[in-house]
Amino acid sequence: MEKITLGSGCFWCTEAVFQRLNGVESAVSGYSGGKTKDPFYKEVTTGRTGHAEVVQVTYDPAVIGLEEILEVFWKTHDPTTLNRQGNDVGTQYRSAIFYHDQAQKEVAERLKMTLDESGAWGDPIVTEITPFEVFYPAENYHQDYFNENGSQPYCQFVVAPKVKKFKEVFADKLKKD
């Protein structure tokens, strides 16, 4: 198994997408990229800890490759908005790839450059590509959030449409029931 840590806005959305991707063993919501040790949600939401809301994705490279993981990452959020995803604003919602080794860095940088040059988005991609240092799992009530709280208004209006779009675009990459 391999791991990569990804920030693409609210971790509830990111977790819900990657949980459904074939080859992903786990998607754990948490915090990375900040200066505060053992941060908690209320601290991170202030934007003062420097952490991003992230999901640490553990995947089987024999089933799904890093390029496919990153394709899903880039297509399921807007990587051109600095410190913002929809109504979620602040550095904690930044687009970020925290790579775990040199090979991941090289793939991420190559794909980012290719996407930028293709003009896939009208604006430049602002996704930060940063060495992974530490991951702090979010509080238990954040884990498996969409699956456990799908009727909550935020889930209905923000997470559910993102998951629906993901299922349509990546139907061939979904886990089998």
# chains A, B, ... in the order shown; residues from 1 in each chain; ligands from 1
call {"tool": "closest_atom_pairs", "arguments": {"of": "region 9-109 of chain A", "to": "region 139-157 of chain A", "cutoff": "9 Å", "atoms": "only C-alpha atoms", "output": "JSON lines"}}
result
{"residue": "A:Phe11", "atom": "CA", "partner": "A:His142", "partner_atom": "CA", "distance": 8.4}
{"residue": "A:Trp12", "atom": "CA", "partner": "A:Tyr145", "partner_atom": "CA", "distance": 6.0}
{"residue": "A:Cys13", "atom": "CA", "partner": "A:Phe146", "partner_atom": "CA", "distance": 7.6}
{"residue": "A:Glu15", "atom": "CA", "partner": "A:Asp144", "partner_atom": "CA", "distance": 7.3}
{"residue": "A:Ala16", "atom": "CA", "partner": "A:Phe146", "partner_atom": "CA", "distance": 6.2}
{"residue": "A:Gln19", "atom": "CA", "partner": "A:Asp144", "partner_atom": "CA", "distance": 8.7}
{"residue": "A:Ala27", "atom": "CA", "partner": "A:Asp144", "partner_atom": "CA", "distance": 8.6}
{"residue": "A:Val28", "atom": "CA", "partner": "A:Gln143", "partner_atom": "CA", "distance": 6.6}
{"residue": "A:Ser29", "atom": "CA", "partner": "A:Gln143", "partner_atom": "CA", "distance": 6.0}
{"residue": "A:Gly30", "atom": "CA", "partner": "A:Glu139", "partner_atom": "CA", "distance": 7.9}
{"residue": "A:Phe40", "atom": "CA", "partner": "A:Glu139", "partner_atom": "CA", "distance": 7.3}
{"residue": "A:Tyr41", "atom": "CA", "partner": "A:Glu139", "partner_atom": "CA", "distance": 7.4}
call {"tool": "write_last_selection", "arguments": {"atoms": "all heavy atoms", "output": "compact mmCIF listing (two decimals), in the first residue's frame"}}
result
# COMPACT_ATOMS: atom_id res chain seq x y z
N PHE A 11 -12.67 18.56 3.92
CA PHE A 11 -12.28 17.15 3.90
C PHE A 11 -13.47 16.20 3.84
O PHE A 11 -13.32 15.06 3.43
CB PHE A 11 -11.30 16.77 4.99
CG PHE A 11 -11.61 17.18 6.42
CD1 PHE A 11 -12.90 17.29 6.91
CD2 PHE A 11 -10.56 17.44 7.28
CE1 PHE A 11 -13.14 17.65 8.23
CE2 PHE A 11 -10.79 17.79 8.60
CZ PHE A 11 -12.07 17.90 9.08
N TRP A 12 -14.65 16.65 4.21
CA TRP A 12 -15.82 15.77 4.09
C TRP A 12 -16.06 15.40 2.63
O TRP A 12 -16.39 14.27 2.31
CB TRP A 12 -17.07 16.42 4.66
CG TRP A 12 -17.03 16.72 6.12
CD1 TRP A 12 -16.21 16.17 7.07
CD2 TRP A 12 -17.86 17.66 6.81
NE1 TRP A 12 -16.48 16.71 8.30
CE2 TRP A 12 -17.50 17.64 8.18
CE3 TRP A 12 -18.87 18.51 6.41
CZ2 TRP A 12 -18.11 18.43 9.13
CZ3 TRP A 12 -19.49 19.30 7.36
CH2 TRP A 12 -19.11 19.26 8.71
N CYS A 13 -15.91 16.39 1.74
CA CYS A 13 -16.09 16.14 0.30
C CYS A 13 -15.01 15.22 -0.23
O CYS A 13 -15.29 14.26 -0.95
CB CYS A 13 -16.04 17.46 -0.47
SG CYS A 13 -17.38 18.61 -0.11
N GLU A 15 -12.98 13.14 1.32
CA GLU A 15 -13.09 11.79 1.88
C GLU A 15 -14.19 11.00 1.17
O GLU A 15 -13.98 9.84 0.79
CB GLU A 15 -13.39 11.88 3.38
CG GLU A 15 -13.56 10.52 4.05
CD GLU A 15 -14.14 10.65 5.44
OE1 GLU A 15 -15.35 10.98 5.56
OE2 GLU A 15 -13.38 10.40 6.40
N ALA A 16 -15.34 11.62 0.97
CA ALA A 16 -16.48 10.93 0.35
C ALA A 16 -16.15 10.46 -1.06
O ALA A 16 -16.58 9.38 -1.48
CB ALA A 16 -17.71 11.84 0.34
N GLN A 19 -13.28 7.54 -0.83
CA GLN A 19 -13.80 6.29 -0.25
C GLN A 19 -14.44 5.41 -1.31
O GLN A 19 -14.51 4.20 -1.16
CB GLN A 19 -14.87 6.58 0.82
CG GLN A 19 -14.34 7.08 2.11
CD GLN A 19 -15.46 7.41 3.07
OE1 GLN A 19 -16.55 7.84 2.68
NE2 GLN A 19 -15.20 7.23 4.35
N ALA A 27 -9.49 6.39 3.34
CA ALA A 27 -9.42 7.84 3.15
C ALA A 27 -9.75 8.43 4.51
O ALA A 27 -10.88 8.34 4.98
CB ALA A 27 -10.42 8.29 2.08
N VAL A 28 -8.74 9.02 5.15
CA VAL A 28 -8.89 9.51 6.52
C VAL A 28 -8.79 11.03 6.52
O VAL A 28 -7.81 11.59 6.03
CB VAL A 28 -7.81 8.90 7.45
CG1 VAL A 28 -7.94 9.42 8.87
CG2 VAL A 28 -7.88 7.37 7.42
N SER A 29 -9.79 11.68 7.08
CA SER A 29 -9.79 13.14 7.18
C SER A 29 -8.83 13.59 8.27
O SER A 29 -8.72 12.95 9.32
CB SER A 29 -11.20 13.65 7.51
OG SER A 29 -12.06 13.44 6.41
N GLY A 30 -8.16 14.71 8.00
CA GLY A 30 -7.23 15.23 9.00
C GLY A 30 -6.64 16.56 8.59
O GLY A 30 -7.20 17.28 7.76
N PHE A 40 -6.68 20.91 16.60
CA PHE A 40 -8.06 20.43 16.60
C PHE A 40 -8.88 21.33 15.69
O PHE A 40 -8.46 22.43 15.32
CB PHE A 40 -8.63 20.31 18.01
CG PHE A 40 -8.56 21.56 18.85
CD1 PHE A 40 -9.59 22.47 18.86
CD2 PHE A 40 -7.43 21.81 19.64
CE1 PHE A 40 -9.52 23.62 19.62
CE2 PHE A 40 -7.37 22.96 20.41
CZ PHE A 40 -8.41 23.87 20.40
N TYR A 41 -10.03 20.84 15.31
CA TYR A 41 -10.85 21.46 14.28
C TYR A 41 -11.08 22.95 14.49
O TYR A 41 -10.89 23.75 13.59
CB TYR A 41 -12.18 20.71 14.17
CG TYR A 41 -13.08 21.20 13.06
CD1 TYR A 41 -12.74 20.99 11.73
CD2 TYR A 41 -14.26 21.86 13.34
CE1 TYR A 41 -13.56 21.43 10.69
CE2 TYR A 41 -15.09 22.30 12.33
CZ TYR A 41 -14.74 22.09 11.01
OH TYR A 41 -15.55 22.53 10.00
call {"tool": "select_by_dssp", "arguments": {"residues": "chain A", "states": "alpha helix (DSSP H)", "output": "NGL selection string"}}
result
:A and (11-19 or 41-44 or 66-75 or 102-118 or 145-149 or 153-154 or 160-169)
call {"tool": "write_last_selection", "arguments": {"atoms": "C-alpha atoms", "output": "PDB file, in the first residue's frame"}}
result
ATOM      1  CA  PHE A  11     -12.279  17.149   3.897  1.00  0.00           C
ATOM      2  CA  TRP A  12     -15.823  15.767   4.088  1.00  0.00           C
ATOM      3  CA  CYS A  13     -16.094  16.141   0.302  1.00  0.00           C
ATOM      4  CA  THR A  14     -12.637  14.776  -0.426  1.00  0.00           C
ATOM      5  CA  GLU A  15     -13.090  11.793   1.880  1.00  0.00           C
ATOM      6  CA  ALA A  16     -16.484  10.928   0.354  1.00  0.00           C
ATOM      7  CA  VAL A  17     -14.994  10.872  -3.146  1.00  0.00           C
ATOM      8  CA  PHE A  18     -11.892   8.817  -2.387  1.00  0.00           C
ATOM      9  CA  GLN A  19     -13.803   6.292  -0.253  1.00  0.00           C
ATOM     10  CA  TYR A  41     -10.854  21.456  14.276  1.00  0.00           C
ATOM     11  CA  LYS A  42     -11.795  24.757  15.925  1.00  0.00           C
ATOM     12  CA  GLU A  43      -8.143  25.870  15.759  1.00  0.00           C
ATOM     13  CA  VAL A  44      -7.714  24.842  12.125  1.00  0.00           C
ATOM     14  CA  LEU A  66      -0.886   7.681  -8.593  1.00  0.00           C
ATOM     15  CA  GLU A  67      -1.723   9.379 -11.890  1.00  0.00           C
ATOM     16  CA  GLU A  68      -5.317   8.127 -11.599  1.00  0.00           C
ATOM     17  CA  ILE A  69      -5.506   9.278  -7.961  1.00  0.00           C
ATOM     18  CA  LEU A  70      -4.321  12.739  -9.005  1.00  0.00           C
ATOM     19  CA  GLU A  71      -6.685  12.839 -11.982  1.00  0.00           C
ATOM     20  CA  VAL A  72      -9.583  12.338  -9.550  1.00  0.00           C
ATOM     21  CA  PHE A  73      -8.062  14.943  -7.207  1.00  0.00           C
ATOM     22  CA  TRP A  74      -7.820  17.626  -9.894  1.00  0.00           C
ATOM     23  CA  LYS A  75     -11.210  16.900 -11.458  1.00  0.00           C
ATOM     24  CA  GLN A 102      10.367  11.996  -4.721  1.00  0.00           C
ATOM     25  CA  ALA A 103       8.460   9.894  -7.252  1.00  0.00           C
ATOM     26  CA  GLN A 104       5.126  11.348  -6.073  1.00  0.00           C
ATOM     27  CA  LYS A 105       6.578  14.862  -6.292  1.00  0.00           C
ATOM     28  CA  GLU A 106       7.728  14.315  -9.862  1.00  0.00           C
ATOM     29  CA  VAL A 107       4.389  12.875 -10.986  1.00  0.00           C
ATOM     30  CA  ALA A 108       2.427  15.681  -9.289  1.00  0.00           C
ATOM     31  CA  GLU A 109       4.614  18.423 -10.770  1.00  0.00           C
ATOM     32  CA  ARG A 110       4.517  16.882 -14.253  1.00  0.00           C
ATOM     33  CA  LEU A 111       0.728  16.486 -14.207  1.00  0.00           C
ATOM     34  CA  LYS A 112       0.211  20.016 -12.853  1.00  0.00           C
ATOM     35  CA  MET A 113       2.402  21.459 -15.606  1.00  0.00           C
ATOM     36  CA  THR A 114       0.641  19.395 -18.279  1.00  0.00           C
ATOM     37  CA  LEU A 115      -2.790  20.497 -17.042  1.00  0.00           C
ATOM     38  CA  ASP A 116      -1.725  24.120 -16.864  1.00  0.00           C
ATOM     39  CA  GLU A 117      -0.301  24.036 -20.387  1.00  0.00           C
ATOM     40  CA  SER A 118      -3.440  22.340 -21.724  1.00  0.00           C
ATOM     41  CA  TYR A 145     -18.826  12.101   7.737  1.00  0.00           C
ATOM     42  CA  PHE A 146     -20.882  12.007   4.549  1.00  0.00           C
ATOM     43  CA  ASN A 147     -21.779   8.331   4.982  1.00  0.00           C
ATOM     44  CA  GLU A 148     -22.903   8.955   8.564  1.00  0.00           C
ATOM     45  CA  ASN A 149     -24.507  12.397   8.098  1.00  0.00           C
ATOM     46  CA  PRO A 153     -27.813  20.376   4.893  1.00  0.00           C
ATOM     47  CA  TYR A 154     -24.098  20.826   4.059  1.00  0.00           C
ATOM     48  CA  ALA A 160     -23.794  15.005  -2.406  1.00  0.00           C
ATOM     49  CA  PRO A 161     -23.554  16.922  -5.725  1.00  0.00           C
ATOM     50  CA  LYS A 162     -19.774  16.482  -5.727  1.00  0.00           C
ATOM     51  CA  VAL A 163     -20.103  12.730  -5.092  1.00  0.00           C
ATOM     52  CA  LYS A 164     -22.788  12.467  -7.796  1.00  0.00           C
ATOM     53  CA  LYS A 165     -20.556  14.215 -10.327  1.00  0.00           C
ATOM     54  CA  PHE A 166     -17.601  12.016  -9.329  1.00  0.00           C
ATOM     55  CA  LYS A 167     -19.698   8.874  -9.855  1.00  0.00           C
ATOM     56  CA  GLU A 168     -20.753  10.063 -13.304  1.00  0.00           C
ATOM     57  CA  VAL A 169     -17.284  11.117 -14.479  1.00  0.00           C
TER      58      VAL A 169
END
call {"tool": "select_by_dssp", "arguments": {"residues": "region 2-146 of chain A", "states": "strand (DSSP E)", "output": "VMD selection string"}}
result
chain A and resid 2 to 8 24 to 32 52 to 59 84 to 85 88 to 89 95 to 99 128 to 131 135 to 137
call {"tool": "atom_distance", "arguments": {"atom1": "CA of His77 (chain A)", "atom2": "CA of Asp177 (chain A)"}}
result
25.1 Å
call {"tool": "closest_residue", "arguments": {"among": "A:His100, A:Asn83, A:Val24, A:Gly90", "to": "Thr127 (chain A)", "atoms": "only C-alpha atoms"}}
result
A:Asn83
call {"tool": "closest_residue", "arguments": {"among": "A:Tyr59, A:Arg84, A:Gly65, A:Pro39", "to": "Gly9 (chain A)", "atoms": "only C-alpha atoms"}}
result
A:Arg84
call {"tool": "closest_residue", "arguments": {"among": "A:Thr45, A:Ile64, A:Lys37, A:Ile4", "to": "Lys173 (chain A)", "atoms": "only C-alpha atoms"}}
result
A:Ile64
call {"tool": "atom_distance", "arguments": {"atom1": "CA of Thr46 (chain A)", "atom2": "CA of Gln92 (chain A)"}}
result
8.3 Å
call {"tool": "atom_distance", "arguments": {"atom1": "CA of Thr58 (chain A)", "atom2": "CA of Met1 (chain A)"}}
result
6.4 Å
call {"tool": "residues_around", "arguments": {"residues": "Leu82 (chain A)", "least_positions_apart": "3", "cutoff": "12 Å", "atoms": "only C-alpha atoms", "output": "ChimeraX atom specification"}}
result
/A:8-9,77-79,85-86,88-96,123-128
call {"tool": "closest_residue", "arguments": {"among": "A:Ile129, A:Cys10, A:Leu21, A:Val54", "to": "Asp101 (chain A)", "atoms": "only C-alpha atoms"}}
result
A:Ile129
call {"tool": "closest_residue", "arguments": {"among": "A:Thr130, A:Thr49, A:Thr81, A:Asn22", "to": "Lys35 (chain A)", "atoms": "only C-alpha atoms"}}
result
A:Thr49
call {"tool": "closest_residue", "arguments": {"among": "A:Asp172, A:Glu25, A:Glu133, A:Asp38", "to": "Pro61 (chain A)", "atoms": "only C-alpha atoms"}}
result
A:Glu25
call {"tool": "decode", "arguments": {"residues": "region 86-125 of chain A", "atoms": "N, CA and C atoms", "output": "PDB file, in the first residue's frame"}}
result
ATOM      1  N   GLY A  86     -15.533  26.865  -3.278  1.00  0.00           N
ATOM      2  CA  GLY A  86     -16.928  27.281  -3.101  1.00  0.00           C
ATOM      3  C   GLY A  86     -17.041  28.339  -2.024  1.00  0.00           C
ATOM      4  N   ASN A  87     -17.930  28.114  -1.062  1.00  0.00           N
ATOM      5  CA  ASN A  87     -18.117  29.063   0.034  1.00  0.00           C
ATOM      6  C   ASN A  87     -17.115  28.883   1.165  1.00  0.00           C
ATOM      7  N   ASP A  88     -16.282  27.851   1.088  1.00  0.00           N
ATOM      8  CA  ASP A  88     -15.267  27.611   2.111  1.00  0.00           C
ATOM      9  C   ASP A  88     -14.027  28.423   1.758  1.00  0.00           C
ATOM     10  N   VAL A  89     -13.694  29.396   2.620  1.00  0.00           N
ATOM     11  CA  VAL A  89     -12.598  30.323   2.337  1.00  0.00           C
ATOM     12  C   VAL A  89     -11.591  30.299   3.473  1.00  0.00           C
ATOM     13  N   GLY A  90     -10.314  30.278   3.116  1.00  0.00           N
ATOM     14  CA  GLY A  90      -9.226  30.315   4.092  1.00  0.00           C
ATOM     15  C   GLY A  90      -8.129  29.348   3.691  1.00  0.00           C
ATOM     16  N   THR A  91      -6.950  29.541   4.251  1.00  0.00           N
ATOM     17  CA  THR A  91      -5.810  28.687   3.902  1.00  0.00           C
ATOM     18  C   THR A  91      -6.071  27.220   4.219  1.00  0.00           C
ATOM     19  N   GLN A  92      -6.966  26.959   5.155  1.00  0.00           N
ATOM     20  CA  GLN A  92      -7.272  25.574   5.510  1.00  0.00           C
ATOM     21  C   GLN A  92      -8.004  24.841   4.384  1.00  0.00           C
ATOM     22  N   TYR A  93      -8.492  25.575   3.384  1.00  0.00           N
ATOM     23  CA  TYR A  93      -9.205  24.967   2.260  1.00  0.00           C
ATOM     24  C   TYR A  93      -8.380  24.998   0.972  1.00  0.00           C
ATOM     25  N   ARG A  94      -7.069  25.217   1.105  1.00  0.00           N
ATOM     26  CA  ARG A  94      -6.219  25.328  -0.079  1.00  0.00           C
ATOM     27  C   ARG A  94      -6.086  24.008  -0.817  1.00  0.00           C
ATOM     28  N   SER A  95      -5.790  24.127  -2.098  1.00  0.00           N
ATOM     29  CA  SER A  95      -5.515  22.967  -2.936  1.00  0.00           C
ATOM     30  C   SER A  95      -4.062  22.577  -2.705  1.00  0.00           C
ATOM     31  N   ALA A  96      -3.842  21.344  -2.239  1.00  0.00           N
ATOM     32  CA  ALA A  96      -2.483  20.943  -1.872  1.00  0.00           C
ATOM     33  C   ALA A  96      -2.266  19.451  -2.069  1.00  0.00           C
ATOM     34  N   ILE A  97      -1.072  19.137  -2.512  1.00  0.00           N
ATOM     35  CA  ILE A  97      -0.602  17.752  -2.577  1.00  0.00           C
ATOM     36  C   ILE A  97       0.608  17.677  -1.659  1.00  0.00           C
ATOM     37  N   PHE A  98       0.502  16.852  -0.632  1.00  0.00           N
ATOM     38  CA  PHE A  98       1.619  16.607   0.270  1.00  0.00           C
ATOM     39  C   PHE A  98       2.209  15.259  -0.136  1.00  0.00           C
ATOM     40  N   TYR A  99       3.297  15.325  -0.900  1.00  0.00           N
ATOM     41  CA  TYR A  99       3.882  14.103  -1.449  1.00  0.00           C
ATOM     42  C   TYR A  99       4.735  13.392  -0.400  1.00  0.00           C
ATOM     43  N   HIS A 100       4.748  12.052  -0.490  1.00  0.00           N
ATOM     44  CA  HIS A 100       5.443  11.224   0.484  1.00  0.00           C
ATOM     45  C   HIS A 100       6.810  10.765   0.010  1.00  0.00           C
ATOM     46  N   ASP A 101       7.113  10.951  -1.269  1.00  0.00           N
ATOM     47  CA  ASP A 101       8.438  10.586  -1.774  1.00  0.00           C
ATOM     48  C   ASP A 101       8.719  11.352  -3.059  1.00  0.00           C
ATOM     49  N   GLN A 102       9.944  11.251  -3.533  1.00  0.00           N
ATOM     50  CA  GLN A 102      10.367  11.996  -4.721  1.00  0.00           C
ATOM     51  C   GLN A 102       9.559  11.608  -5.956  1.00  0.00           C
ATOM     52  N   ALA A 103       9.233  10.338  -6.090  1.00  0.00           N
ATOM     53  CA  ALA A 103       8.460   9.894  -7.252  1.00  0.00           C
ATOM     54  C   ALA A 103       7.088  10.566  -7.278  1.00  0.00           C
ATOM     55  N   GLN A 104       6.418  10.663  -6.133  1.00  0.00           N
ATOM     56  CA  GLN A 104       5.126  11.348  -6.073  1.00  0.00           C
ATOM     57  C   GLN A 104       5.268  12.823  -6.441  1.00  0.00           C
ATOM     58  N   LYS A 105       6.330  13.458  -5.964  1.00  0.00           N
ATOM     59  CA  LYS A 105       6.578  14.862  -6.292  1.00  0.00           C
ATOM     60  C   LYS A 105       6.700  15.038  -7.803  1.00  0.00           C
ATOM     61  N   GLU A 106       7.493  14.196  -8.427  1.00  0.00           N
ATOM     62  CA  GLU A 106       7.728  14.315  -9.862  1.00  0.00           C
ATOM     63  C   GLU A 106       6.450  14.108 -10.666  1.00  0.00           C
ATOM     64  N   VAL A 107       5.657  13.119 -10.289  1.00  0.00           N
ATOM     65  CA  VAL A 107       4.389  12.875 -10.986  1.00  0.00           C
ATOM     66  C   VAL A 107       3.451  14.069 -10.798  1.00  0.00           C
ATOM     67  N   ALA A 108       3.326  14.554  -9.573  1.00  0.00           N
ATOM     68  CA  ALA A 108       2.427  15.681  -9.289  1.00  0.00           C
ATOM     69  C   ALA A 108       2.850  16.927 -10.068  1.00  0.00           C
ATOM     70  N   GLU A 109       4.136  17.237 -10.054  1.00  0.00           N
ATOM     71  CA  GLU A 109       4.614  18.423 -10.770  1.00  0.00           C
ATOM     72  C   GLU A 109       4.421  18.285 -12.280  1.00  0.00           C
ATOM     73  N   ARG A 110       4.690  17.116 -12.817  1.00  0.00           N
ATOM     74  CA  ARG A 110       4.517  16.882 -14.253  1.00  0.00           C
ATOM     75  C   ARG A 110       3.051  17.027 -14.652  1.00  0.00           C
ATOM     76  N   LEU A 111       2.154  16.399 -13.880  1.00  0.00           N
ATOM     77  CA  LEU A 111       0.728  16.486 -14.207  1.00  0.00           C
ATOM     78  C   LEU A 111       0.201  17.911 -14.065  1.00  0.00           C
ATOM     79  N   LYS A 112       0.640  18.624 -13.041  1.00  0.00           N
ATOM     80  CA  LYS A 112       0.211  20.016 -12.853  1.00  0.00           C
ATOM     81  C   LYS A 112       0.646  20.856 -14.050  1.00  0.00           C
ATOM     82  N   MET A 113       1.894  20.698 -14.476  1.00  0.00           N
ATOM     83  CA  MET A 113       2.402  21.459 -15.606  1.00  0.00           C
ATOM     84  C   MET A 113       1.630  21.121 -16.888  1.00  0.00           C
ATOM     85  N   THR A 114       1.380  19.830 -17.091  1.00  0.00           N
ATOM     86  CA  THR A 114       0.641  19.395 -18.279  1.00  0.00           C
ATOM     87  C   THR A 114      -0.772  19.978 -18.287  1.00  0.00           C
ATOM     88  N   LEU A 115      -1.437  19.933 -17.142  1.00  0.00           N
ATOM     89  CA  LEU A 115      -2.790  20.497 -17.042  1.00  0.00           C
ATOM     90  C   LEU A 115      -2.786  22.001 -17.267  1.00  0.00           C
ATOM     91  N   ASP A 116      -1.815  22.677 -16.678  1.00  0.00           N
ATOM     92  CA  ASP A 116      -1.725  24.120 -16.864  1.00  0.00           C
ATOM     93  C   ASP A 116      -1.521  24.468 -18.333  1.00  0.00           C
ATOM     94  N   GLU A 117      -0.603  23.759 -18.975  1.00  0.00           N
ATOM     95  CA  GLU A 117      -0.301  24.036 -20.387  1.00  0.00           C
ATOM     96  C   GLU A 117      -1.478  23.698 -21.300  1.00  0.00           C
ATOM     97  N   SER A 118      -2.298  22.745 -20.892  1.00  0.00           N
ATOM     98  CA  SER A 118      -3.440  22.340 -21.724  1.00  0.00           C
ATOM     99  C   SER A 118      -4.548  23.373 -21.730  1.00  0.00           C
ATOM    100  N   GLY A 119      -4.545  24.249 -20.725  1.00  0.00           N
ATOM    101  CA  GLY A 119      -5.618  25.229 -20.609  1.00  0.00           C
ATOM    102  C   GLY A 119      -6.919  24.609 -20.134  1.00  0.00           C
ATOM    103  N   ALA A 120      -6.828  23.433 -19.485  1.00  0.00           N
ATOM    104  CA  ALA A 120      -8.026  22.739 -18.993  1.00  0.00           C
ATOM    105  C   ALA A 120      -8.877  23.661 -18.122  1.00  0.00           C
ATOM    106  N   TRP A 121      -8.225  24.546 -17.387  1.00  0.00           N
ATOM    107  CA  TRP A 121      -8.920  25.561 -16.602  1.00  0.00           C
ATOM    108  C   TRP A 121      -8.544  26.897 -17.206  1.00  0.00           C
ATOM    109  N   GLY A 122      -9.408  27.848 -17.125  1.00  0.00           N
ATOM    110  CA  GLY A 122      -9.128  29.162 -17.692  1.00  0.00           C
ATOM    111  C   GLY A 122      -8.051  29.927 -16.939  1.00  0.00           C
ATOM    112  N   ASP A 123      -7.837  29.561 -15.690  1.00  0.00           N
ATOM    113  CA  ASP A 123      -6.861  30.239 -14.840  1.00  0.00           C
ATOM    114  C   ASP A 123      -5.740  29.274 -14.479  1.00  0.00           C
ATOM    115  N   PRO A 124      -4.601  29.801 -14.045  1.00  0.00           N
ATOM    116  CA  PRO A 124      -3.495  28.924 -13.643  1.00  0.00           C
ATOM    117  C   PRO A 124      -3.845  28.082 -12.421  1.00  0.00           C
ATOM    118  N   ILE A 125      -3.292  26.888 -12.365  1.00  0.00           N
ATOM    119  CA  ILE A 125      -3.477  25.993 -11.222  1.00  0.00           C
ATOM    120  C   ILE A 125      -2.597  26.490 -10.073  1.00  0.00           C
TER     121      ILE A 125
END
